[in-house]
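K.L.:
If you scroll down you'll find the structure; I have some questions about it.
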Amino acid sequence: KAGVTQTPRYLIKTRGQQVTLSCSPISGHRSVSWYQQTPGQGLQFLFEYFSETQRNKGNFPGRFSGRQFSNSRSEMNVSTLELGDSALYLCASSLPSGANVLTFGAGSRLTVL
Amino acid sequence: GQNIDQPTEMTATEGAIVQINCTYQTSGFNGLFWYQQHAGEAPTFLSYNVLDGLEEKGRFSSFLSRSKGYSYLLLKELQMKDSASYLCAVLPITGANNLFFGTGTRLTVIP
């Protein structure tokens with residue numbers, strides 16, 4: 001079956017702009033999580049969505065937001081981009097409950113100039 | 001809060017055995033995961049431990065001691081393709097899928 005699909009794979013923005021990233025989970029997976037990966041900090045949890053509701057949120061500023069649609073696809077948005085937002089943004093899907101295995105997408109690499 | 005420590009880099013020889021350690025401090029604990037990430041690729045699941053002891057899966061094994069806040073990943077019969085980053089992650093007891101990751105250990109396998 002198809003894996004987790006993230007678009008776009010690469011993008012370049014300038015400071016102050018906003019960006020929207022998309023994630024299509026594995027069919028049947030209703031939980032979608034987003035992570036930011038940088039060389040210095042590793043993977044950091046942004047938020048998790050299940051049934052169109054944000055279930056958990058990491059320690060990121062309000063400029064980072066997300067949503068989930070009825071078909072479980074998810075988007076995340078970053079507004080007023082800063083240089084420090086340059087990172088690989090990874091989406092992961094899983095079954096909704098318990099300690100389930102996350103299946104990650106290949107990520108969207110954002111560069112902010 | 002949570003904190004995870006793992007070595008930044010390790011080098012090992014093809015065919016050998018390597019142990020990657022992970023120590024963690026967490027206010028809640030619902031299991032520990034190991035993921036493998038090749039350069040430029042997505043992390044992929046290797047193992048999950050929630051009870052103390054050793055879990056073996058082929059060439060890879062993972063150990064957990066909850067009382068010591070300690071885990072290790074053991075890779076046997078190393079192959080060149082095992083060169084990758086190995087990520088230790090804790091699942092806080094309050095969360096469902098909000099894993100807390102360490103910064104990862106970059107393993108280089110040399111001939």
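Each chain in the structure tokens gets a letter, A, B, ..., in the order shown, and its residues are numbered from 1; ligands are numbered from 1 in order too.
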Give me every strand (DSSP E) residue in region 29-65 of chain B, going by DSSP on the backbone, as a PyMOL selection string.
P.N.:
chain B and resi 32-37+44-49+53-57+60-65
K.L.:
Would you write out, as CSV, a table of all residues in chain B that have an atom no more than 8 Å from an atom of chain A, listing for each the closest atom pair and the distance in Å to one decimal, considering only C-alpha atoms and ordering rows by chain and rising residue number?
P.N.:
residue,atom,partner,partner_atom,distance
B:Asn30,CA,A:Ala99,CA,7.4
B:Gly31,CA,A:Ala99,CA,7.3
B:Glu41,CA,A:Ala106,CA,5.8
B:Ala42,CA,A:Ala106,CA,4.7
B:Pro43,CA,A:Phe104,CA,6.2
B:Thr44,CA,A:Thr103,CA,6.8
B:Phe45,CA,A:Val101,CA,6.9
B:Leu91,CA,A:Ala99,CA,7.4
B:Gly95,CA,A:Asn56,CA,7.0
B:Ala96,CA,A:Gly98,CA,5.7
B:Asn97,CA,A:Ala99,CA,6.8
B:Asn98,CA,A:Phe45,CA,6.2
B:Leu99,CA,A:Phe45,CA,6.8
B:Phe100,CA,A:Phe45,CA,6.8
B:Phe101,CA,A:Leu43,CA,5.8
B:Gly102,CA,A:Gly42,CA,6.5
B:Thr103,CA,A:Gly42,CA,4.3
B:Gly104,CA,A:Gly42,CA,6.9
K.L.:
Restricting the output to N, CA and C atoms, write the selected residues as a short mmCIF file (atom, residue, chain, number, x, y, z; two decimals), in the first residue's frame.
P.N.:
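In the end it all went to result-v5.cif:
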data_model
loop_
_atom_site.label_atom_id
_atom_site.label_comp_id
_atom_site.auth_asym_id
_atom_site.auth_seq_id
_atom_site.Cartn_x
_atom_site.Cartn_y
_atom_site.Cartn_z
N ASN B 30 5.83 5.63 28.50
CA ASN B 30 4.91 4.64 27.94
C ASN B 30 5.58 3.84 26.85
N GLY B 31 6.92 3.77 26.91
CA GLY B 31 7.61 2.96 25.94
C GLY B 31 8.76 3.70 25.27
N GLU B 41 16.66 10.44 3.98
CA GLU B 41 15.47 9.59 3.93
C GLU B 41 14.63 9.75 5.20
N ALA B 42 13.45 9.15 5.18
CA ALA B 42 12.57 9.19 6.34
C ALA B 42 13.03 8.22 7.41
N PRO B 43 12.81 8.52 8.67
CA PRO B 43 13.07 7.54 9.73
C PRO B 43 12.18 6.32 9.55
N THR B 44 12.73 5.15 9.83
CA THR B 44 11.95 3.92 9.77
C THR B 44 12.05 3.20 11.10
N PHE B 45 10.96 2.58 11.50
CA PHE B 45 10.84 1.92 12.80
C PHE B 45 11.74 0.70 12.89
N LEU B 91 8.02 7.64 24.46
CA LEU B 91 6.62 7.99 24.37
C LEU B 91 6.13 8.40 25.76
N GLY B 95 0.79 11.04 26.26
CA GLY B 95 0.56 11.24 24.84
C GLY B 95 0.17 9.96 24.13
N ALA B 96 -0.29 10.13 22.94
CA ALA B 96 -0.59 8.98 22.10
C ALA B 96 0.52 8.77 21.09
N ASN B 97 0.84 9.76 20.33
CA ASN B 97 1.87 9.63 19.31
C ASN B 97 2.84 10.79 19.32
N ASN B 98 2.97 11.47 20.44
CA ASN B 98 3.90 12.59 20.51
C ASN B 98 5.24 12.12 21.05
N LEU B 99 6.00 11.41 20.20
CA LEU B 99 7.29 10.90 20.60
C LEU B 99 8.28 12.02 20.89
N PHE B 100 9.11 11.81 21.92
CA PHE B 100 10.20 12.73 22.22
C PHE B 100 11.49 12.06 21.78
N PHE B 101 12.18 12.67 20.81
CA PHE B 101 13.36 12.06 20.21
C PHE B 101 14.64 12.62 20.80
N GLY B 102 15.67 11.75 20.86
CA GLY B 102 17.01 12.22 21.08
C GLY B 102 17.55 12.78 19.76
N THR B 103 18.75 13.34 19.80
CA THR B 103 19.31 13.95 18.60
C THR B 103 19.93 12.92 17.66
N GLY B 104 19.98 11.65 18.09
CA GLY B 104 20.42 10.60 17.19
C GLY B 104 21.91 10.31 17.26
#
K.L.:
Have a look at A:Gly62, A:Gln54, A:Val19, A:Thr111 and name the one nearest to Met76 (chain A); count only C-alpha atoms.
P.N.:
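Residue with the minimum atom-to-atom distance to Met76 (chain A): A:Val19.
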K.L.:
Using only C-alpha atoms, which residues sit within 8 Å of Tyr70 (chain B) once same-chain residues fewer than 4 positions away are excluded, as JSON, numbers by chain?
P.N.:
{"B": [21, 22, 23, 24, 64, 65, 66]}
K.L.:
Those residues with all heavy atoms, as a PDB file, in the first residue's frame please?
P.N.:
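New file selection06.pdb:
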ATOM      1  N   ASN B  21      23.939   3.306  22.964  1.00  0.00           N
ATOM      2  CA  ASN B  21      23.262   3.526  24.240  1.00  0.00           C
ATOM      3  C   ASN B  21      22.352   4.751  24.201  1.00  0.00           C
ATOM      4  O   ASN B  21      22.597   5.704  23.465  1.00  0.00           O
ATOM      5  CB  ASN B  21      24.293   3.699  25.353  1.00  0.00           C
ATOM      6  CG  ASN B  21      25.104   2.449  25.589  1.00  0.00           C
ATOM      7  OD1 ASN B  21      24.601   1.342  25.476  1.00  0.00           O
ATOM      8  ND2 ASN B  21      26.376   2.616  25.915  1.00  0.00           N
ATOM      9  N   CYS B  22      21.352   4.693  25.046  1.00  0.00           N
ATOM     10  CA  CYS B  22      20.410   5.808  25.173  1.00  0.00           C
ATOM     11  C   CYS B  22      19.981   5.889  26.633  1.00  0.00           C
ATOM     12  O   CYS B  22      19.514   4.902  27.184  1.00  0.00           O
ATOM     13  CB  CYS B  22      19.203   5.566  24.269  1.00  0.00           C
ATOM     14  SG  CYS B  22      17.805   6.705  24.531  1.00  0.00           S
ATOM     15  N   THR B  23      20.168   7.047  27.237  1.00  0.00           N
ATOM     16  CA  THR B  23      19.656   7.267  28.586  1.00  0.00           C
ATOM     17  C   THR B  23      18.612   8.366  28.525  1.00  0.00           C
ATOM     18  O   THR B  23      18.717   9.293  27.712  1.00  0.00           O
ATOM     19  CB  THR B  23      20.763   7.665  29.575  1.00  0.00           C
ATOM     20  OG1 THR B  23      21.421   8.843  29.089  1.00  0.00           O
ATOM     21  CG2 THR B  23      21.784   6.555  29.723  1.00  0.00           C
ATOM     22  N   TYR B  24      17.602   8.223  29.372  1.00  0.00           N
ATOM     23  CA  TYR B  24      16.499   9.178  29.297  1.00  0.00           C
ATOM     24  C   TYR B  24      16.024   9.544  30.689  1.00  0.00           C
ATOM     25  O   TYR B  24      16.143   8.772  31.637  1.00  0.00           O
ATOM     26  CB  TYR B  24      15.350   8.607  28.467  1.00  0.00           C
ATOM     27  CG  TYR B  24      14.714   7.369  29.056  1.00  0.00           C
ATOM     28  CD1 TYR B  24      13.644   7.462  29.933  1.00  0.00           C
ATOM     29  CD2 TYR B  24      15.184   6.102  28.720  1.00  0.00           C
ATOM     30  CE1 TYR B  24      13.067   6.335  30.476  1.00  0.00           C
ATOM     31  CE2 TYR B  24      14.608   4.966  29.263  1.00  0.00           C
ATOM     32  CZ  TYR B  24      13.556   5.077  30.145  1.00  0.00           C
ATOM     33  OH  TYR B  24      12.991   3.956  30.687  1.00  0.00           O
ATOM     34  N   LEU B  64      15.846  -2.634  27.377  1.00  0.00           N
ATOM     35  CA  LEU B  64      15.310  -1.544  28.194  1.00  0.00           C
ATOM     36  C   LEU B  64      15.435  -1.879  29.666  1.00  0.00           C
ATOM     37  O   LEU B  64      15.129  -3.011  30.080  1.00  0.00           O
ATOM     38  CB  LEU B  64      13.839  -1.305  27.855  1.00  0.00           C
ATOM     39  CG  LEU B  64      13.105  -0.275  28.709  1.00  0.00           C
ATOM     40  CD1 LEU B  64      13.649   1.129  28.469  1.00  0.00           C
ATOM     41  CD2 LEU B  64      11.601  -0.321  28.449  1.00  0.00           C
ATOM     42  N   SER B  65      15.866  -0.872  30.446  1.00  0.00           N
ATOM     43  CA  SER B  65      15.798  -0.935  31.899  1.00  0.00           C
ATOM     44  C   SER B  65      15.063   0.318  32.346  1.00  0.00           C
ATOM     45  O   SER B  65      15.627   1.420  32.331  1.00  0.00           O
ATOM     46  CB  SER B  65      17.183  -0.987  32.527  1.00  0.00           C
ATOM     47  OG  SER B  65      17.094  -0.777  33.938  1.00  0.00           O
ATOM     48  N   ARG B  66      13.836   0.165  32.769  1.00  0.00           N
ATOM     49  CA  ARG B  66      13.028   1.323  33.163  1.00  0.00           C
ATOM     50  C   ARG B  66      13.546   1.930  34.460  1.00  0.00           C
ATOM     51  O   ARG B  66      13.560   3.154  34.620  1.00  0.00           O
ATOM     52  CB  ARG B  66      11.567   0.916  33.323  1.00  0.00           C
ATOM     53  CG  ARG B  66      10.910   0.503  32.028  1.00  0.00           C
ATOM     54  CD  ARG B  66       9.449   0.156  32.185  1.00  0.00           C
ATOM     55  NE  ARG B  66       8.667   1.304  32.630  1.00  0.00           N
ATOM     56  CZ  ARG B  66       7.380   1.443  32.385  1.00  0.00           C
ATOM     57  NH1 ARG B  66       6.748   0.532  31.678  1.00  0.00           N
ATOM     58  NH2 ARG B  66       6.722   2.485  32.851  1.00  0.00           N
TER      59      ARG B  66
END
K.L.:
Name all residues at most 12 Å from Lys76 (chain B) (count only C-alpha atoms; drop same-chain ones fewer than 5 positions away) and give them as a ChimeraX atom specification.
P.N.:
/B:12-20,56-62,82,109
K.L.:
Between B:Ser71, B:Gly53, B:Pro111, B:Gly40, which has the minimum distance to Arg109 (chain A) (counting only C-alpha atoms)?
P.N.:
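Among the listed residues, B:Gly40 lies closest to Arg109 (chain A).
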K.L.:
If we count only C-alpha atoms and set the cut-off at 9 Å, which residues sit around Ser27 (chain A), ignoring sequence neighbours fewer than 3 positions away in its own chain? Please answer as a PDB file with C-alpha atoms, in the first residue's frame.
P.N.:
ATOM      1  CA  LYS A   1       0.000   0.000   0.000  1.00  0.00           C
ATOM      2  CA  ALA A   2       1.079   3.588  -0.543  1.00  0.00           C
ATOM      3  CA  GLY A   3       3.199   5.209   2.130  1.00  0.00           C
ATOM      4  CA  VAL A   4       2.965   8.645   3.665  1.00  0.00           C
ATOM      5  CA  SER A  24      -1.408  12.309   2.967  1.00  0.00           C
ATOM      6  CA  ARG A  30      -6.282   8.372  11.181  1.00  0.00           C
ATOM      7  CA  SER A  72      -7.275  12.271   7.317  1.00  0.00           C
TER       8      SER A  72
END
K.L.:
Show which residues sit within 12 Å of Arg15 (chain A), as a ChimeraX atom specification. Count only C-alpha atoms, and ignore same-chain residues fewer than 4 positions away.
P.N.:
/A:19,78-86,110-113
K.L.:
List as a ChimeraX atom specification the protein and nucleic acid residues near Thr105 (chain B), meaning an atom at most 6 Å away when only C-alpha atoms are counted, but skip any in the same chain fewer than 6 places from it.
P.N.:
/B:7-9,85-86
K.L.:
Just write the chosen residues, N, CA and C atoms, as a PDB file, in the first residue's frame.
P.N.:
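File produced: out_10.pdb:
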ATOM      1  N   PRO B   7      25.082   8.965  22.173  1.00  0.00           N
ATOM      2  CA  PRO B   7      26.322   9.474  21.560  1.00  0.00           C
ATOM      3  C   PRO B   7      26.031  10.074  20.203  1.00  0.00           C
ATOM      4  N   THR B   8      26.812  11.080  19.859  1.00  0.00           N
ATOM      5  CA  THR B   8      26.584  11.775  18.591  1.00  0.00           C
ATOM      6  C   THR B   8      27.046  10.936  17.404  1.00  0.00           C
ATOM      7  N   GLU B   9      28.198  10.338  17.529  1.00  0.00           N
ATOM      8  CA  GLU B   9      28.736   9.569  16.410  1.00  0.00           C
ATOM      9  C   GLU B   9      29.406   8.300  16.923  1.00  0.00           C
ATOM     10  N   SER B  85      21.745   7.117  10.825  1.00  0.00           N
ATOM     11  CA  SER B  85      21.513   7.667  12.163  1.00  0.00           C
ATOM     12  C   SER B  85      20.493   6.803  12.871  1.00  0.00           C
ATOM     13  N   TYR B  86      20.722   6.590  14.158  1.00  0.00           N
ATOM     14  CA  TYR B  86      19.819   5.775  14.972  1.00  0.00           C
ATOM     15  C   TYR B  86      19.230   6.676  16.055  1.00  0.00           C
TER      16      TYR B  86
END
K.L.:
So what do you get for CA of Arg73 (chain A) versus CA of Ala87 (chain A), distance-wise?
P.N.:
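Distance reported for this atom pair: 21.3 Å.
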K.L.:
Quick one, how far is CA of Gln6 (chain A) from CA of Phe50 (chain A)?
P.N.:
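So the answer is 17.6 Å.
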K.L.:
Quick one: pull the distance between CA of Leu75 (chain B) and CA of Phe29 (chain B), Å, one decimal.
P.N.:
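Between these atoms lies a distance of 24.6 Å.
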K.L.:
Kindly indicate which residue among A:Thr53, A:Asn59, A:Ser74, A:Ser108 lies nearest to Ile26 (chain A), using only C-alpha atoms for the distances.
P.N.:
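With only C-alpha atoms as the atom set, the closest residue is A:Ser74.
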